[in-house]
Amino acid sequence: MNTPPAFSFLVCLRLLLAVLPLPGQNLLKHDHQLSSPLTSNLRLKEGLWLLDNNIDPYTGGSFHHSPLLLSVFSTIVPPLPIIWAISDAVGAWALLRIWRARQGLLSQKGTRSNVENLITSVYLLNPYLLLPSLALSTSTFENTLILLALMFASQGKVSSALLAIAFAVHLTPSSILLLLPIFMVLVSSPVSHLASPRPFHGNLKRIPFLFGEFTLYWLVLVGAACIITGGSWSWVRASWGATLTLPDLTPNPGPWWYFFTEMFDHFRPFFLMVFSVLRSTLSYTYYPICIKFQHDPLYAAFLLTGVLGTFKAYLTLADPGLFLSMISIFPEVHGYLRHPIITTLLHLHAALLLPLQHVLWVSEGRGNANFYYAASLVMGMAGGAGLVDACWAGMRIAVGMQKRLRKM
């Protein structure tokens, strides 16, 4: 495998971080910004302990991971930090291969070392991705599966792409937003056409067959999860249902938890309905995004990762981190970003405020939930600003190219 120099160096560095004992790793595991109740390593270990003692992990209401993760970490490999380091390396490799497929480059020749060094560095050195991985959050695996699905789709490997996205949807159902753009990549091309928009030229008749194959893989995974739990369906409510009912109000960088913490229980069903309607409205953004960017479905998938990284019910820093790292494989839009400095400053502001307010509220007891929620709103503004700016740049590049051609 032909990889840039930075890839080998950074992967070795990441493996070294996994092997060496880090003094603050236990603090990272308890940090609400890096892991949620659905991705926490502490909850995963609790579920493994309950399983080892023949207790159903889903009866207590505190375990929300997929039974597949229970099976993997209880029978195949233990949840060692090296597994998360390997997942980071695979994610960086997949992002690199997506870039090569988009540029029409072969993996053996025609590579561009400087750009590939940048892509690898942006992923492996992104603190939004590195810190959750050091905290052993399972969101690392979700990001890797999404990148693998996009990589296989870019390479035209149908079964591998559909299996990877089926795993991702099983772990986090909101990843189903990426299903349509992955179908579009599979039946068309990952090559950039942002500068020359044209009607979708793929074979739409293949999409029902692709959806059928995806459904088959997904049902197999659901069946495997039921077999692991002894035929019980309690894991569905505890795992998938948690994103709908929000049973655990542990603080996170997302906008949901605060409302249900402050309101009376009498109004909880009403606001759950309101937020579910809001979620449904936001989930339908993939139709206009996929239609508008039908000439470049890979860019549509990138924008939808930004939607997920802003409006998830149980948000962690790994969710916007994937969106920020993926922008490195779209260099053609960088010159058309309208407010990149403002977006960068918003992320910097949120990155400084979130840990500060978290310590003041949770550790020192000198603040309250309002301070931390204000910082999470800044994070939401940063995610929204980046998403809007990326949409603007993706549309503006075609106008700029037309003006440039007229001048010539």
# chains A, B, ... in the order shown; residues from 1 in each chain; ligands from 1
$ select_by_dssp --residues "region 43-253 of chain A" --states "helix (DSSP H, G or I)" --output "ChimeraX atom specification"
/A:43-52,67-76,81-103,113-124,127-134,139-154,158-171,173-187,204-228,234-240,242-245
$ residues_around --residues "Leu346 (chain A)" --least-positions-apart "4" --cutoff "10 Å" --atoms "only C-alpha atoms" --output "PDB file with N, CA and C atoms, in the first residue's frame"
ATOM      1  N   PRO A 340     -14.743  31.607   6.368  1.00  0.00           N
ATOM      2  CA  PRO A 340     -13.954  30.567   7.048  1.00  0.00           C
ATOM      3  C   PRO A 340     -13.340  31.033   8.360  1.00  0.00           C
ATOM      4  N   ILE A 341     -12.969  32.321   8.439  1.00  0.00           N
ATOM      5  CA  ILE A 341     -12.352  32.824   9.673  1.00  0.00           C
ATOM      6  C   ILE A 341     -13.377  32.836  10.805  1.00  0.00           C
ATOM      7  N   ILE A 342     -14.603  33.269  10.498  1.00  0.00           N
ATOM      8  CA  ILE A 342     -15.645  33.305  11.532  1.00  0.00           C
ATOM      9  C   ILE A 342     -15.955  31.900  12.016  1.00  0.00           C
ATOM     10  N   ALA A 350     -15.709  27.693  21.047  1.00  0.00           N
ATOM     11  CA  ALA A 350     -16.412  26.573  21.672  1.00  0.00           C
ATOM     12  C   ALA A 350     -15.434  25.580  22.295  1.00  0.00           C
ATOM     13  N   ALA A 351     -14.304  25.332  21.608  1.00  0.00           N
ATOM     14  CA  ALA A 351     -13.314  24.395  22.136  1.00  0.00           C
ATOM     15  C   ALA A 351     -12.702  24.880  23.444  1.00  0.00           C
ATOM     16  N   LEU A 352     -12.647  26.199  23.639  1.00  0.00           N
ATOM     17  CA  LEU A 352     -12.126  26.746  24.888  1.00  0.00           C
ATOM     18  C   LEU A 352     -13.207  26.826  25.965  1.00  0.00           C
ATOM     19  N   VAL A 378     -22.739  27.667  21.415  1.00  0.00           N
ATOM     20  CA  VAL A 378     -21.656  28.171  20.567  1.00  0.00           C
ATOM     21  C   VAL A 378     -21.161  27.057  19.653  1.00  0.00           C
ATOM     22  N   MET A 379     -21.061  25.849  20.193  1.00  0.00           N
ATOM     23  CA  MET A 379     -20.669  24.704  19.362  1.00  0.00           C
ATOM     24  C   MET A 379     -21.690  24.468  18.255  1.00  0.00           C
ATOM     25  N   GLY A 380     -22.973  24.584  18.585  1.00  0.00           N
ATOM     26  CA  GLY A 380     -24.006  24.439  17.562  1.00  0.00           C
ATOM     27  C   GLY A 380     -23.914  25.513  16.495  1.00  0.00           C
ATOM     28  N   MET A 381     -23.623  26.752  16.917  1.00  0.00           N
ATOM     29  CA  MET A 381     -23.441  27.836  15.947  1.00  0.00           C
ATOM     30  C   MET A 381     -22.244  27.573  15.042  1.00  0.00           C
ATOM     31  N   ALA A 382     -21.172  27.037  15.619  1.00  0.00           N
ATOM     32  CA  ALA A 382     -19.986  26.722  14.818  1.00  0.00           C
ATOM     33  C   ALA A 382     -20.298  25.641  13.793  1.00  0.00           C
ATOM     34  N   GLY A 383     -21.019  24.598  14.229  1.00  0.00           N
ATOM     35  CA  GLY A 383     -21.391  23.544  13.288  1.00  0.00           C
ATOM     36  C   GLY A 383     -22.317  24.048  12.197  1.00  0.00           C
ATOM     37  N   ALA A 385     -22.588  27.181  11.126  1.00  0.00           N
ATOM     38  CA  ALA A 385     -21.847  28.101  10.261  1.00  0.00           C
ATOM     39  C   ALA A 385     -20.985  27.338   9.254  1.00  0.00           C
ATOM     40  N   GLY A 386     -20.330  26.276   9.719  1.00  0.00           N
ATOM     41  CA  GLY A 386     -19.512  25.476   8.808  1.00  0.00           C
ATOM     42  C   GLY A 386     -20.353  24.782   7.752  1.00  0.00           C
TER      43      GLY A 386
END
$ closest_atom_pairs --of "region 149-204 of chain A" --to "region 90-99 of chain A" --cutoff "8 Å" --atoms "only C-alpha atoms" --output "tab-separated table"
residue	atom	partner	partner_atom	distance
A:Leu150	CA	A:Ile98	CA	7.0
A:Met151	CA	A:Ile98	CA	5.0
A:Ser154	CA	A:Ile98	CA	6.3
$ residues_around --residues "region 317-320 of chain A" --least-positions-apart "3" --cutoff "8 Å" --atoms "only C-alpha atoms" --output "short mmCIF file (atom, residue, chain, number, x, y, z; two decimals) with N, CA, C and O atoms, in the first residue's frame"
data_model
loop_
_atom_site.label_atom_id
_atom_site.label_comp_id
_atom_site.auth_asym_id
_atom_site.auth_seq_id
_atom_site.Cartn_x
_atom_site.Cartn_y
_atom_site.Cartn_z
N GLN A 33 -17.94 15.66 27.03
CA GLN A 33 -17.80 16.17 25.67
C GLN A 33 -17.27 15.12 24.71
O GLN A 33 -17.50 15.21 23.50
N LEU A 34 -16.56 14.14 25.23
CA LEU A 34 -15.87 13.16 24.41
C LEU A 34 -16.66 11.87 24.22
O LEU A 34 -16.42 11.14 23.27
N TYR A 128 -10.79 17.00 17.85
CA TYR A 128 -12.17 16.54 17.96
C TYR A 128 -12.28 15.03 17.73
O TYR A 128 -13.24 14.40 18.19
N LEU A 129 -11.33 14.45 17.01
CA LEU A 129 -11.32 13.01 16.77
C LEU A 129 -10.33 12.28 17.67
O LEU A 129 -10.60 11.16 18.12
N PRO A 132 -11.70 11.97 21.68
CA PRO A 132 -12.67 10.89 21.90
C PRO A 132 -12.08 9.50 21.72
O PRO A 132 -12.48 8.56 22.41
N SER A 139 -17.74 6.15 19.35
CA SER A 139 -17.99 7.00 18.19
C SER A 139 -16.84 6.91 17.18
O SER A 139 -17.04 7.18 15.99
N THR A 140 -15.66 6.53 17.64
CA THR A 140 -14.53 6.32 16.74
C THR A 140 -14.85 5.24 15.72
O THR A 140 -14.56 5.38 14.52
N ASN A 143 -17.41 6.56 13.07
CA ASN A 143 -16.78 7.39 12.04
C ASN A 143 -15.99 6.54 11.04
O ASN A 143 -16.02 6.80 9.83
N PRO A 253 -22.29 18.15 24.29
CA PRO A 253 -22.20 19.40 23.51
C PRO A 253 -23.39 19.67 22.61
O PRO A 253 -23.42 20.68 21.92
N THR A 305 -22.89 14.67 6.70
CA THR A 305 -22.13 14.43 7.93
C THR A 305 -22.11 15.70 8.78
O THR A 305 -22.08 15.62 10.02
N GLY A 306 -22.16 16.87 8.13
CA GLY A 306 -22.26 18.12 8.88
C GLY A 306 -23.60 18.26 9.57
O GLY A 306 -23.68 18.77 10.69
N LEU A 308 -25.42 15.71 10.65
CA LEU A 308 -25.32 14.78 11.79
C LEU A 308 -24.45 15.36 12.89
O LEU A 308 -24.74 15.18 14.08
N GLY A 309 -23.38 16.04 12.52
CA GLY A 309 -22.46 16.59 13.51
C GLY A 309 -22.97 17.83 14.21
O GLY A 309 -22.28 18.37 15.08
N THR A 310 -24.16 18.29 13.85
CA THR A 310 -24.73 19.48 14.48
C THR A 310 -25.99 19.18 15.27
O THR A 310 -26.21 19.76 16.33
N PHE A 323 -16.83 15.84 10.14
CA PHE A 323 -17.16 16.84 9.12
C PHE A 323 -15.97 17.76 8.85
O PHE A 323 -15.64 18.04 7.69
N LEU A 324 -15.31 18.21 9.91
CA LEU A 324 -14.18 19.11 9.73
C LEU A 324 -13.00 18.42 9.05
O LEU A 324 -12.27 19.05 8.28
N GLY A 383 -21.02 24.60 14.23
CA GLY A 383 -21.39 23.54 13.29
C GLY A 383 -22.32 24.05 12.20
O GLY A 383 -22.15 23.71 11.02
#
$ residues_around --residues "region 359-368 of chain A" --least-positions-apart "2" --cutoff "12 Å" --atoms "only C-alpha atoms" --output "number ranges by chain"
A: 27, 30-33, 250-251, 258, 262, 352-357, 370-375
$ decode --residues "region 72-89 of chain A" --atoms "N, CA and C atoms" --output "short mmCIF file (atom, residue, chain, number, x, y, z; two decimals), in the first residue's frame"
data_model
loop_
_atom_site.label_atom_id
_atom_site.label_comp_id
_atom_site.auth_asym_id
_atom_site.auth_seq_id
_atom_site.Cartn_x
_atom_site.Cartn_y
_atom_site.Cartn_z
N VAL A 72 -18.36 -8.67 20.28
CA VAL A 72 -16.99 -8.51 19.80
C VAL A 72 -16.01 -8.39 20.96
N PHE A 73 -16.34 -7.54 21.94
CA PHE A 73 -15.39 -7.27 23.03
C PHE A 73 -15.44 -8.31 24.14
N SER A 74 -16.39 -9.21 24.10
CA SER A 74 -16.43 -10.26 25.12
C SER A 74 -15.90 -11.59 24.60
N THR A 75 -15.88 -11.78 23.28
CA THR A 75 -15.47 -13.08 22.73
C THR A 75 -14.28 -13.00 21.78
N ILE A 76 -14.11 -11.87 21.08
CA ILE A 76 -13.05 -11.79 20.06
C ILE A 76 -11.83 -11.04 20.59
N VAL A 77 -12.01 -9.80 20.93
CA VAL A 77 -10.90 -8.98 21.45
C VAL A 77 -11.39 -8.20 22.66
N PRO A 78 -10.54 -7.98 23.66
CA PRO A 78 -10.92 -7.11 24.78
C PRO A 78 -10.88 -5.65 24.36
N PRO A 79 -11.58 -4.77 25.07
CA PRO A 79 -11.60 -3.35 24.69
C PRO A 79 -10.31 -2.63 25.08
N LEU A 80 -9.22 -2.96 24.37
CA LEU A 80 -7.93 -2.36 24.63
C LEU A 80 -7.76 -1.07 23.82
N PRO A 81 -6.98 -0.11 24.31
CA PRO A 81 -6.77 1.14 23.56
C PRO A 81 -6.20 0.94 22.17
N ILE A 82 -5.47 -0.15 21.95
CA ILE A 82 -4.86 -0.40 20.65
C ILE A 82 -5.94 -0.57 19.58
N ILE A 83 -7.12 -1.06 19.97
CA ILE A 83 -8.21 -1.24 19.00
C ILE A 83 -8.67 0.12 18.47
N TRP A 84 -8.74 1.11 19.35
CA TRP A 84 -9.15 2.45 18.93
C TRP A 84 -8.07 3.10 18.06
N ALA A 85 -6.81 2.82 18.36
CA ALA A 85 -5.73 3.36 17.53
C ALA A 85 -5.78 2.76 16.13
N ILE A 86 -6.03 1.47 16.04
CA ILE A 86 -6.14 0.82 14.72
C ILE A 86 -7.34 1.39 13.96
N SER A 87 -8.43 1.64 14.67
CA SER A 87 -9.61 2.23 14.03
C SER A 87 -9.30 3.62 13.47
N ASP A 88 -8.53 4.41 14.21
CA ASP A 88 -8.11 5.73 13.70
C ASP A 88 -7.26 5.59 12.45
N ALA A 89 -6.35 4.63 12.46
CA ALA A 89 -5.49 4.42 11.29
C ALA A 89 -6.31 4.00 10.07
#
